[in-house]
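S.K.: This is run16.cif (mmCIF, C-alpha atoms and all ligand atoms).
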data_work
#
loop_
_atom_site.label_atom_id
_atom_site.label_comp_id
_atom_site.auth_asym_id
_atom_site.auth_seq_id
_atom_site.Cartn_x
_atom_site.Cartn_y
_atom_site.Cartn_z
CA MET A 16 -2.72 -69.26 36.06
CA GLY A 17 -2.49 -67.34 39.30
CA LYS A 18 -3.38 -64.37 41.45
CA VAL A 19 -2.15 -60.94 40.41
CA LEU A 20 -1.75 -57.73 42.39
CA ILE A 21 -1.66 -54.44 40.46
CA ILE A 22 -0.12 -51.49 42.32
CA GLY A 23 -0.96 -47.99 41.00
CA ALA A 24 -4.33 -46.66 39.86
CA GLY A 25 -3.32 -43.90 37.44
CA GLY A 26 -3.69 -43.91 33.66
CA VAL A 27 -1.54 -47.01 33.20
CA GLY A 28 -3.10 -48.84 36.18
CA THR A 29 -6.54 -48.22 34.65
CA VAL A 30 -5.52 -49.94 31.42
CA VAL A 31 -3.76 -52.84 33.18
CA ALA A 32 -6.87 -53.48 35.31
CA HIS A 33 -9.09 -53.53 32.21
CA LYS A 34 -6.80 -55.81 30.23
CA VAL A 35 -6.12 -58.20 33.11
CA ALA A 36 -9.88 -58.47 33.65
CA GLN A 37 -10.25 -59.40 29.96
CA ASN A 38 -7.93 -62.38 30.57
CA MET A 39 -9.61 -64.15 33.47
CA ASP A 40 -8.55 -67.53 32.00
CA VAL A 41 -4.99 -66.57 32.99
CA PHE A 42 -5.53 -64.50 36.14
CA THR A 43 -7.53 -66.36 38.78
CA GLU A 44 -7.94 -63.40 41.14
CA ILE A 45 -7.18 -59.71 40.67
CA MET A 46 -6.45 -57.06 43.25
CA LEU A 47 -5.85 -53.37 42.47
CA ALA A 48 -4.12 -51.42 45.24
CA SER A 49 -2.88 -47.85 45.39
CA ARG A 50 -2.29 -44.91 47.72
CA THR A 51 -5.82 -43.60 47.15
CA LYS A 52 -8.28 -46.50 47.42
CA SER A 53 -11.20 -44.51 45.95
CA LYS A 54 -9.38 -44.43 42.60
CA CYS A 55 -9.10 -48.25 42.68
CA ASP A 56 -12.80 -48.54 43.55
CA ALA A 57 -13.78 -46.29 40.62
CA ILE A 58 -11.75 -48.40 38.18
CA ALA A 59 -13.15 -51.67 39.60
CA LYS A 60 -16.67 -50.24 39.29
CA ALA A 61 -16.11 -49.19 35.66
CA ILE A 62 -14.93 -52.74 34.84
CA GLY A 63 -17.85 -54.25 36.74
CA GLY A 64 -18.76 -57.85 37.42
CA ASN A 65 -17.00 -57.95 40.81
CA LYS A 66 -13.86 -59.01 38.98
CA ILE A 67 -11.47 -56.79 40.91
CA GLN A 68 -10.77 -56.50 44.63
CA THR A 69 -9.27 -53.23 45.85
CA ALA A 70 -7.01 -52.14 48.69
CA GLN A 71 -5.09 -49.18 50.06
CA VAL A 72 -1.30 -49.40 50.22
CA ASP A 73 1.62 -47.06 50.71
CA ALA A 74 4.16 -48.50 48.30
CA ASP A 75 6.96 -46.41 49.83
CA ASN A 76 6.58 -48.52 52.95
CA VAL A 77 7.91 -52.09 52.82
CA GLU A 78 6.03 -53.18 55.96
CA ASP A 79 2.73 -51.94 54.54
CA LEU A 80 3.42 -53.79 51.28
CA LYS A 81 4.30 -56.99 53.17
CA ARG A 82 1.03 -56.80 55.08
CA LEU A 83 -0.90 -56.60 51.81
CA PHE A 84 1.16 -59.32 50.08
CA ASN A 85 0.70 -61.70 52.99
CA SER A 86 -3.04 -61.16 53.13
CA PHE A 87 -3.69 -61.50 49.36
CA ASN A 88 -0.87 -63.92 48.49
CA PRO A 89 -0.31 -62.93 44.87
CA GLU A 90 1.86 -64.91 42.48
CA LEU A 91 2.91 -61.72 40.68
CA VAL A 92 2.92 -57.98 41.35
CA ILE A 93 2.49 -55.58 38.42
CA ASN A 94 4.07 -52.33 39.56
CA VAL A 95 2.47 -49.39 37.74
CA ALA A 96 2.90 -46.90 40.57
CA LEU A 97 5.84 -44.52 40.13
CA PRO A 98 9.52 -45.36 39.50
CA TYR A 99 10.29 -44.16 43.06
CA GLN A 100 8.54 -47.25 44.45
CA ASP A 101 10.41 -49.93 42.45
CA LEU A 102 12.89 -50.88 45.16
CA THR A 103 10.46 -50.97 48.09
CA ILE A 104 8.14 -53.20 46.05
CA MET A 105 11.05 -55.46 45.07
CA ASP A 106 12.08 -55.68 48.75
CA ALA A 107 8.57 -56.72 49.74
CA CYS A 108 8.50 -59.28 46.89
CA LEU A 109 11.69 -60.86 48.22
CA ALA A 110 10.36 -60.88 51.78
CA CYS A 111 7.05 -62.53 50.78
CA GLY A 112 8.09 -64.74 47.84
CA VAL A 113 6.26 -62.80 45.11
CA ASN A 114 7.35 -62.33 41.48
CA TYR A 115 7.71 -58.80 40.07
CA LEU A 116 7.06 -56.82 36.88
CA ASP A 117 7.39 -53.07 36.18
CA THR A 118 7.39 -50.54 33.33
CA ALA A 119 10.00 -47.97 34.40
CA ASN A 120 13.41 -48.16 36.05
CA TYR A 121 14.00 -47.00 39.61
CA GLU A 122 14.63 -43.29 40.09
CA PRO A 123 15.66 -41.69 43.35
CA LYS A 124 13.26 -38.83 44.15
CA GLU A 125 16.03 -36.35 44.82
CA GLU A 126 17.95 -36.90 41.57
CA ALA A 127 16.72 -37.45 38.00
CA LYS A 128 19.10 -40.32 37.26
CA TYR A 129 18.18 -43.12 34.89
CA GLU A 130 20.07 -46.37 35.27
CA TYR A 131 19.28 -49.98 35.99
CA SER A 132 22.15 -50.47 38.46
CA TRP A 133 19.90 -50.31 41.53
CA GLN A 134 17.51 -52.94 40.21
CA TRP A 135 20.17 -55.16 38.61
CA ALA A 136 21.78 -55.30 42.06
CA TYR A 137 18.78 -57.48 43.13
CA ARG A 138 19.62 -60.19 40.55
CA GLU A 139 21.31 -62.68 42.88
CA ARG A 140 18.68 -62.29 45.61
CA PHE A 141 15.82 -62.95 43.19
CA LYS A 142 17.74 -65.90 41.72
CA GLU A 143 18.36 -67.45 45.13
CA ALA A 144 14.70 -66.98 46.07
CA GLY A 145 13.61 -68.64 42.79
CA LEU A 146 11.67 -65.48 41.86
CA THR A 147 11.41 -63.74 38.48
CA ALA A 148 11.61 -59.95 38.10
CA ILE A 149 10.69 -58.59 34.67
CA LEU A 150 11.93 -55.03 34.18
CA GLY A 151 10.67 -52.38 31.76
CA CYS A 152 7.55 -54.05 30.35
CA GLY A 153 5.64 -51.04 29.00
CA PHE A 154 5.97 -49.79 25.41
CA ASP A 155 9.28 -48.00 25.63
CA PRO A 156 10.93 -49.63 27.47
CA GLY A 157 9.07 -52.85 26.78
CA VAL A 158 7.67 -53.44 23.31
CA THR A 159 10.61 -51.58 21.70
CA SER A 160 12.98 -53.95 23.53
CA VAL A 161 10.96 -57.00 22.43
CA PHE A 162 10.86 -55.63 18.84
CA THR A 163 14.67 -55.43 18.93
CA ALA A 164 15.01 -58.98 20.31
CA TYR A 165 12.56 -60.26 17.67
CA ALA A 166 14.48 -58.55 14.86
CA ALA A 167 17.80 -59.92 16.13
CA LYS A 168 16.35 -63.43 16.44
CA HIS A 169 14.56 -63.68 13.09
CA HIS A 170 15.86 -61.11 10.65
CA PHE A 171 19.54 -60.42 11.32
CA ASP A 172 22.79 -62.20 12.02
CA GLU A 173 24.06 -58.98 13.59
CA ILE A 174 22.22 -55.74 14.35
CA HIS A 175 24.41 -52.64 13.95
CA TYR A 176 22.23 -49.53 14.03
CA LEU A 177 19.09 -49.10 16.13
CA ASP A 178 16.83 -46.06 16.13
CA ILE A 179 13.80 -46.26 18.41
CA VAL A 180 11.28 -43.75 17.09
CA ASP A 181 8.41 -42.57 19.28
CA CYS A 182 5.77 -40.29 17.80
CA ASN A 183 2.64 -39.02 19.48
CA ALA A 184 0.59 -37.31 16.78
CA GLY A 185 -2.41 -36.99 19.05
CA ASP A 186 -4.25 -33.81 20.01
CA HIS A 187 -5.79 -33.53 23.49
CA GLY A 188 -6.90 -29.93 23.02
CA LYS A 189 -4.99 -28.56 26.05
CA ALA A 190 -2.31 -25.86 25.80
CA PHE A 191 0.06 -28.02 27.83
CA ALA A 192 -0.33 -31.47 29.34
CA THR A 193 1.90 -34.52 29.73
CA ASN A 194 0.79 -37.96 28.62
CA PHE A 195 1.89 -39.72 31.77
CA ASN A 196 2.76 -38.62 35.27
CA PRO A 197 3.91 -34.97 34.77
CA GLU A 198 6.67 -35.13 37.37
CA ILE A 199 8.22 -38.26 35.85
CA ASN A 200 7.70 -37.02 32.29
CA ILE A 201 9.20 -33.55 32.79
CA ARG A 202 12.21 -34.98 34.65
CA GLU A 203 12.79 -37.34 31.73
CA VAL A 204 12.49 -34.94 28.80
CA THR A 205 14.46 -32.04 30.30
CA GLN A 206 17.59 -34.12 30.99
CA LYS A 207 20.60 -34.07 28.62
CA GLY A 208 20.44 -36.10 25.42
CA LYS A 209 22.54 -39.27 25.29
CA TYR A 210 23.08 -42.05 22.75
CA TRP A 211 25.44 -44.97 22.21
CA GLU A 212 28.07 -44.87 19.48
CA ASP A 213 31.19 -46.96 18.87
CA GLY A 214 31.32 -48.44 22.35
CA LYS A 215 30.65 -45.29 24.37
CA TRP A 216 27.92 -42.88 25.43
CA VAL A 217 27.77 -39.52 23.66
CA GLU A 218 26.09 -36.74 25.65
CA THR A 219 24.37 -33.70 24.08
CA GLU A 220 22.54 -30.63 25.35
CA PRO A 221 18.78 -31.33 25.78
CA HIS A 222 17.02 -31.61 22.38
CA ALA A 223 20.20 -30.58 20.50
CA ILE A 224 19.84 -33.24 17.77
CA HIS A 225 16.61 -33.14 15.82
CA LYS A 226 15.16 -33.66 12.36
CA PRO A 227 11.81 -34.53 10.81
CA LEU A 228 11.14 -38.27 10.62
CA ASN A 229 8.35 -39.78 8.60
CA TYR A 230 5.88 -41.90 10.58
CA PRO A 231 3.48 -44.40 8.95
CA ASN A 232 -0.04 -43.05 8.49
CA ILE A 233 1.07 -39.76 10.12
CA GLY A 234 3.75 -38.13 7.97
CA PRO A 235 6.82 -36.08 8.93
CA LYS A 236 7.16 -34.91 12.54
CA GLU A 237 10.10 -33.11 14.13
CA SER A 238 11.87 -35.71 16.27
CA TYR A 239 14.48 -35.18 18.98
CA VAL A 240 17.22 -37.44 20.31
CA ILE A 241 16.68 -37.91 24.04
CA TYR A 242 18.10 -40.48 26.47
CA HIS A 243 15.71 -43.31 27.19
CA GLU A 244 16.37 -46.08 29.68
CA GLU A 245 16.03 -49.11 27.39
CA LEU A 246 19.20 -48.03 25.57
CA GLU A 247 21.25 -49.09 28.60
CA SER A 248 20.09 -52.70 28.66
CA LEU A 249 19.84 -53.04 24.86
CA VAL A 250 23.49 -52.09 24.25
CA ASN A 251 24.47 -54.64 26.93
CA ASN A 252 22.31 -57.40 25.52
CA PHE A 253 23.10 -56.70 21.85
CA PRO A 254 26.84 -55.96 21.88
CA THR A 255 27.01 -55.87 18.05
CA LEU A 256 25.23 -52.49 18.14
CA LYS A 257 27.48 -49.76 16.77
CA ARG A 258 24.92 -47.05 17.44
CA ALA A 259 21.67 -46.90 19.41
CA ARG A 260 19.50 -43.79 19.64
CA PHE A 261 16.03 -42.87 20.87
CA TRP A 262 13.92 -40.24 19.07
CA MET A 263 10.76 -38.63 20.39
CA THR A 264 8.47 -36.10 18.70
CA PHE A 265 7.64 -32.83 20.44
CA GLY A 266 5.44 -30.00 19.16
CA GLN A 267 6.75 -26.41 19.25
CA GLU A 268 4.01 -25.44 21.71
CA TYR A 269 5.07 -28.23 24.10
CA LEU A 270 8.75 -27.24 23.90
CA THR A 271 7.96 -23.56 24.50
CA HIS A 272 5.97 -24.43 27.64
CA LEU A 273 8.74 -26.73 28.79
CA ARG A 274 11.37 -24.00 28.33
CA VAL A 275 9.29 -21.51 30.32
CA ILE A 276 8.62 -24.06 33.07
CA GLN A 277 12.36 -24.67 33.37
CA ASN A 278 13.39 -21.02 33.12
CA ILE A 279 11.06 -19.95 35.93
CA GLY A 280 12.20 -22.79 38.20
CA MET A 281 8.99 -24.82 38.17
CA ALA A 282 10.83 -27.97 37.00
CA ARG A 283 13.04 -27.95 40.12
CA ILE A 284 13.08 -31.22 42.05
CA ASP A 285 14.71 -29.83 45.20
CA PRO A 286 12.45 -28.59 48.03
CA ILE A 287 11.89 -24.86 48.61
CA VAL A 288 10.16 -23.20 51.55
CA TYR A 289 6.92 -21.39 50.71
CA ASN A 290 4.94 -19.71 53.52
CA GLY A 291 6.75 -21.89 56.04
CA VAL A 292 5.91 -25.10 54.17
CA GLU A 293 8.43 -27.17 52.23
CA ILE A 294 7.28 -27.82 48.66
CA VAL A 295 8.97 -29.33 45.61
CA PRO A 296 8.16 -27.04 42.63
CA ILE A 297 7.68 -29.89 40.10
CA GLN A 298 5.27 -31.64 42.51
CA PHE A 299 3.28 -28.43 42.91
CA LEU A 300 3.24 -28.07 39.11
CA LYS A 301 1.83 -31.61 38.82
CA ALA A 302 -1.05 -30.58 41.06
CA VAL A 303 -2.13 -27.79 38.69
CA LEU A 304 -1.52 -29.53 35.34
CA PRO A 305 -4.20 -31.66 33.66
CA ASP A 306 -4.30 -35.23 35.00
CA PRO A 307 -2.95 -37.47 32.17
CA GLY A 308 -5.55 -40.06 33.17
CA GLU A 309 -8.30 -37.58 32.29
CA LEU A 310 -7.03 -36.58 28.84
CA GLY A 311 -8.71 -39.43 27.00
CA GLU A 312 -12.16 -38.06 26.37
CA ASN A 313 -11.27 -35.55 23.66
CA TYR A 314 -8.00 -37.06 22.49
CA THR A 315 -7.81 -37.57 18.73
CA GLY A 316 -5.05 -38.89 16.48
CA GLU A 317 -2.61 -41.70 17.08
CA THR A 318 0.80 -42.75 18.37
CA SER A 319 3.39 -44.54 16.27
CA ILE A 320 6.31 -46.21 18.03
CA GLY A 321 8.80 -48.58 16.49
CA CYS A 322 12.36 -49.69 15.85
CA ARG A 323 14.38 -48.92 12.74
CA ILE A 324 17.25 -51.36 12.47
CA LYS A 325 20.17 -51.81 10.08
CA GLY A 326 22.45 -54.83 10.18
CA ILE A 327 23.72 -57.90 8.37
CA LYS A 328 21.85 -61.01 7.22
CA ASP A 329 23.64 -63.73 5.23
CA GLY A 330 26.53 -61.38 4.55
CA LYS A 331 24.27 -58.67 3.10
CA GLU A 332 23.19 -55.36 4.56
CA ARG A 333 19.52 -55.23 5.49
CA THR A 334 17.13 -52.63 6.90
CA TYR A 335 14.01 -53.35 8.91
CA TYR A 336 11.29 -51.26 10.53
CA VAL A 337 8.79 -52.74 13.00
CA TYR A 338 6.13 -50.52 14.57
CA ASN A 339 2.71 -50.18 16.11
CA ASN A 340 0.23 -47.35 15.60
CA CYS A 341 -2.34 -46.84 18.35
CA SER A 342 -5.45 -44.65 18.17
CA HIS A 343 -6.19 -42.52 21.23
CA GLU A 344 -9.92 -42.69 20.52
CA ALA A 345 -9.98 -46.49 20.27
CA ALA A 346 -7.95 -46.78 23.49
CA TYR A 347 -10.40 -44.48 25.29
CA LYS A 348 -13.42 -46.35 23.99
CA GLU A 349 -12.05 -49.65 25.30
CA THR A 350 -10.57 -48.59 28.66
CA GLY A 351 -11.43 -44.96 29.39
CA ALA A 352 -7.73 -44.03 29.11
CA GLN A 353 -5.72 -42.36 26.31
CA GLY A 354 -3.25 -44.02 23.95
CA VAL A 355 -0.05 -43.48 25.96
CA SER A 356 -1.55 -45.18 29.02
CA TYR A 357 -2.91 -47.90 26.71
CA THR A 358 0.40 -48.58 24.95
CA THR A 359 2.02 -48.97 28.40
CA GLY A 360 -0.70 -50.96 30.17
CA VAL A 361 -1.29 -53.54 27.43
CA PRO A 362 2.37 -54.70 27.30
CA ALA A 363 2.50 -54.84 31.12
CA THR A 364 -0.51 -57.16 30.99
CA ILE A 365 1.10 -59.26 28.24
CA GLY A 366 4.28 -59.57 30.33
CA ALA A 367 2.11 -60.80 33.20
CA ILE A 368 0.43 -63.31 30.86
CA MET A 369 3.90 -64.50 29.74
CA PHE A 370 4.81 -65.04 33.38
CA MET A 371 1.57 -66.75 34.38
CA LYS A 372 1.78 -69.13 31.41
CA GLY A 373 5.33 -70.09 32.40
CA LEU A 374 6.73 -68.66 29.15
CA TRP A 375 8.80 -65.98 30.87
CA HIS A 376 9.94 -67.76 34.04
CA LYS A 377 13.59 -67.14 34.87
CA PRO A 378 14.70 -66.66 38.48
CA GLY A 379 16.66 -63.42 38.66
CA VAL A 380 16.15 -59.85 37.43
CA TYR A 381 15.85 -59.43 33.67
CA ASN A 382 14.98 -56.84 31.06
CA VAL A 383 12.30 -57.93 28.61
CA GLU A 384 14.65 -58.45 25.65
CA GLU A 385 16.26 -61.31 27.63
CA PHE A 386 13.10 -63.44 27.27
CA ASN A 387 11.70 -65.20 24.18
CA PRO A 388 10.08 -62.43 22.09
CA ASP A 389 7.85 -64.74 19.99
CA PRO A 390 4.90 -65.42 22.32
CA PHE A 391 4.88 -61.75 23.40
CA MET A 392 4.73 -60.59 19.75
CA GLU A 393 1.84 -62.98 19.17
CA GLN A 394 -0.07 -61.53 22.14
CA LEU A 395 0.48 -57.93 20.97
CA ASN A 396 -1.66 -58.74 17.94
CA LYS A 397 -4.33 -60.34 20.12
CA GLN A 398 -4.47 -57.79 22.96
CA GLY A 399 -4.91 -54.58 20.98
CA LEU A 400 -1.46 -53.49 19.78
CA PRO A 401 -0.99 -55.02 16.32
CA TRP A 402 2.45 -54.51 14.76
CA HIS A 403 3.66 -54.17 11.20
CA GLU A 404 7.03 -54.76 9.61
CA LEU A 405 8.77 -53.26 6.59
CA PHE A 406 11.90 -54.64 4.97
CA ASP A 407 14.59 -52.87 2.96
CA VAL A 408 13.24 -49.39 3.67
CA ASP A 409 15.05 -46.06 3.76
CA LEU A 410 15.61 -45.65 7.51
CA GLU A 411 16.42 -41.95 7.15
CA MET A 412 12.88 -41.25 5.99
P1 LIG A 501 -0.01 -41.73 37.39
O1 LIG A 501 0.65 -40.63 38.13
O2 LIG A 501 -1.23 -41.47 36.59
O3 LIG A 501 -0.38 -42.92 38.40
C1 LIG A 501 0.50 -43.37 39.39
C2 LIG A 501 -0.30 -44.14 40.41
O4 LIG A 501 0.61 -44.62 41.42
C3 LIG A 501 -1.34 -43.28 41.13
O5 LIG A 501 -2.52 -44.04 41.29
C4 LIG A 501 -0.68 -42.98 42.47
O6 LIG A 501 -1.56 -42.79 43.53
C5 LIG A 501 0.07 -44.27 42.70
N1 LIG A 501 1.13 -44.05 43.67
C6 LIG A 501 2.07 -43.09 43.68
N2 LIG A 501 2.83 -43.19 44.78
C7 LIG A 501 2.34 -44.24 45.49
C8 LIG A 501 2.68 -44.84 46.72
N3 LIG A 501 3.69 -44.39 47.47
N4 LIG A 501 1.96 -45.89 47.13
C9 LIG A 501 0.91 -46.38 46.41
N5 LIG A 501 0.55 -45.85 45.24
C10 LIG A 501 1.25 -44.79 44.79
O7 LIG A 501 1.12 -42.40 36.46
P2 LIG A 501 0.91 -43.22 35.11
O8 LIG A 501 -0.19 -44.20 35.29
O9 LIG A 501 0.90 -42.27 34.00
O10 LIG A 501 2.32 -44.02 35.05
C11 LIG A 501 2.54 -45.17 35.84
C12 LIG A 501 3.93 -45.73 35.58
O11 LIG A 501 4.08 -46.08 34.21
C13 LIG A 501 5.07 -44.74 35.88
O12 LIG A 501 6.08 -45.45 36.55
C14 LIG A 501 5.56 -44.34 34.52
O13 LIG A 501 6.92 -44.00 34.54
C15 LIG A 501 5.33 -45.61 33.75
N6 LIG A 501 5.26 -45.41 32.28
C16 LIG A 501 5.97 -46.25 31.48
C17 LIG A 501 5.91 -46.12 30.11
C18 LIG A 501 6.59 -47.11 29.23
O14 LIG A 501 6.29 -47.13 28.04
N7 LIG A 501 7.45 -47.97 29.70
C19 LIG A 501 5.16 -45.02 29.48
C20 LIG A 501 4.36 -44.24 30.41
C21 LIG A 501 4.45 -44.42 31.77
P3 LIG A 501 -2.36 -41.40 43.76
O15 LIG A 501 -3.50 -41.51 42.81
O16 LIG A 501 -2.78 -41.42 45.17
O17 LIG A 501 -1.41 -40.30 43.41
#
Let me see whether you can do it: turn the structure in this file into structure tokens.
Ligand code: NDP
M.R.:
Amino acid sequence: MGKVLIIGAGGVGTVVAHKVAQNMDVFTEIMLASRTKSKCDAIAKAIGGNKIQTAQVDADNVEDLKRLFNSFNPELVINVALPYQDLTIMDACLACGVNYLDTANYEPKEEAKYEYSWQWAYRERFKEAGLTAILGCGFDPGVTSVFTAYAAKHHFDEIHYLDIVDCNAGDHGKAFATNFNPEINIREVTQKGKYWEDGKWVETEPHAIHKPLNYPNIGPKESYVIYHEELESLVNNFPTLKRARFWMTFGQEYLTHLRVIQNIGMARIDPIVYNGVEIVPIQFLKAVLPDPGELGENYTGETSIGCRIKGIKDGKERTYYVYNNCSHEAAYKETGAQGVSYTTGVPATIGAIMFMKGLWHKPGVYNVEEFNPDPFMEQLNKQGLPWHELFDVDLEM
């Protein structure tokens, strides 16, 4: 039980606020803070019942964060602002004695570089302060990491091959839109592909490896190997892995738009001067693209994200597939946000519940697979993301 501060009032923040407010037996007081306070107020109003306090904060500014932390005194901060703010929020947590949880690893604004090194460097300081930092507690990273830990704990003696498969078979009716922050999303999917094999990273051209994979209740969808941040911590924490890959589905229309955006320079992250004003093309693009938080209303179809694992149990080879399917319409009906925000916000809330109940208390900085997966898996079924498992299946399907 304790006070929680949510930072970020986008699509994911909307879902976290709704889900936290549904668990008032765990969270004694809730504050939602973001750069634009009116967005927090609108979310608090939609939830109703005076359950949520709101505030303005610039999360790039440690002093501003400290002021807010000291006035509200939260036990835990759920960071669902942007990956750029991870380190400033962690600094403020250390200064004010607050625990920390996020859903995406730190990225410097000027370089699309995905690694945990910056945040892992805080481990000793969090340990000494007796504070817990839970990293990557969305769906992927997050649930996929917990799925892997659960499989390793209960179904395998050694896991050897891991394929994380992420399908969005939804239709939002727009020619082009991203499902979460466009700047963060486009930076992520246009980088080179990378996967782990035989003790080293193998790099590919973007989207070079692809094939149709069959998703439950959806069918075959063209899926592409891309680099995704949970691979870094998973290969560290499960050293028996011989290969670990991440697959994501993209439609042809999406890829064509992406190629054009890149070819004409609109995906650039370096500043250019336009009419005497410095602008970053990808930030300008974000301003004209549909707001992912507004996609929910007409979104149909579902997501399917899971882990396909091959390894050894009792000397025999075994295959295992654990996954969740989430309906965009059901997510919108419950929270006013689409499925991708929902599948990120629900796990962030569950991570916060794990912390508040003392089930995931470990001073230091940890990725989610380093905690006990069992109570988290139990909550997934209760909080709106039920999972299913299949044994001895053809993982190439
Ligand atoms: P949005 O862009 O919709 O929302 C981001 C929010 O953060 C906005 O309210 C924005 O404020 C606020 N914000 C940005 N900068 C600051 C700042 N300096 N100070 C205070 N507030 C700030 O993003 P999403 O909700 O789609 O995504 C949120 C996070 O979730 C991202 O980090 C994303 O990478 C992560 N994510 C993780 C996934 C996973 O499965 N692990 C999947 C999808 C997303 P304003 O409204 O003023 O712009």
S.K.: Show me, as number ranges by chain, the residues that have an atom within 12 Å of segment 63-66 of chain A when counting only C-alpha atoms, minus same-chain residues fewer than 3 positions from it.
M.R.: A: 19, 32-39, 42-47, 56-60, 69
S.K.: Quick one: residues within 10 Å of segment 276-279 of chain A, all atoms listed in the file counted, chain neighbours fewer than 5 positions away excluded, as a ChimeraX atom specification?
M.R.: /A:201,205,270-271,297,300
S.K.: Find the spatial neighbours of Ser160 of chain A, counting only C-alpha atoms, within a cut-off of 7 Å - ignore same-chain residues fewer than 5 positions away - and output them as a count of residues only.
M.R.: 3
S.K.: Around ligand LIG 501 (chain A), at most 6 Å away and counting all atoms listed in the file, which residues are there? Put them as a PyMOL selection string, please.
M.R.: chain A and resi 23-28+49-51+72-75+95-98+118-119+151+153-157+195-196+308+359
S.K.: What's around segment 88-92 of chain A at 10 Å? Count all atoms listed in the file, leave out sequence neighbours fewer than 5 positions away in its own chain, and write the answer as a count of residues only.
M.R.: 31
S.K.: Work out how far apart atom CA of Met392 of chain A and atom CA of Ala363 of chain A are and give it in Å to one decimal.
M.R.: 12.9 Å
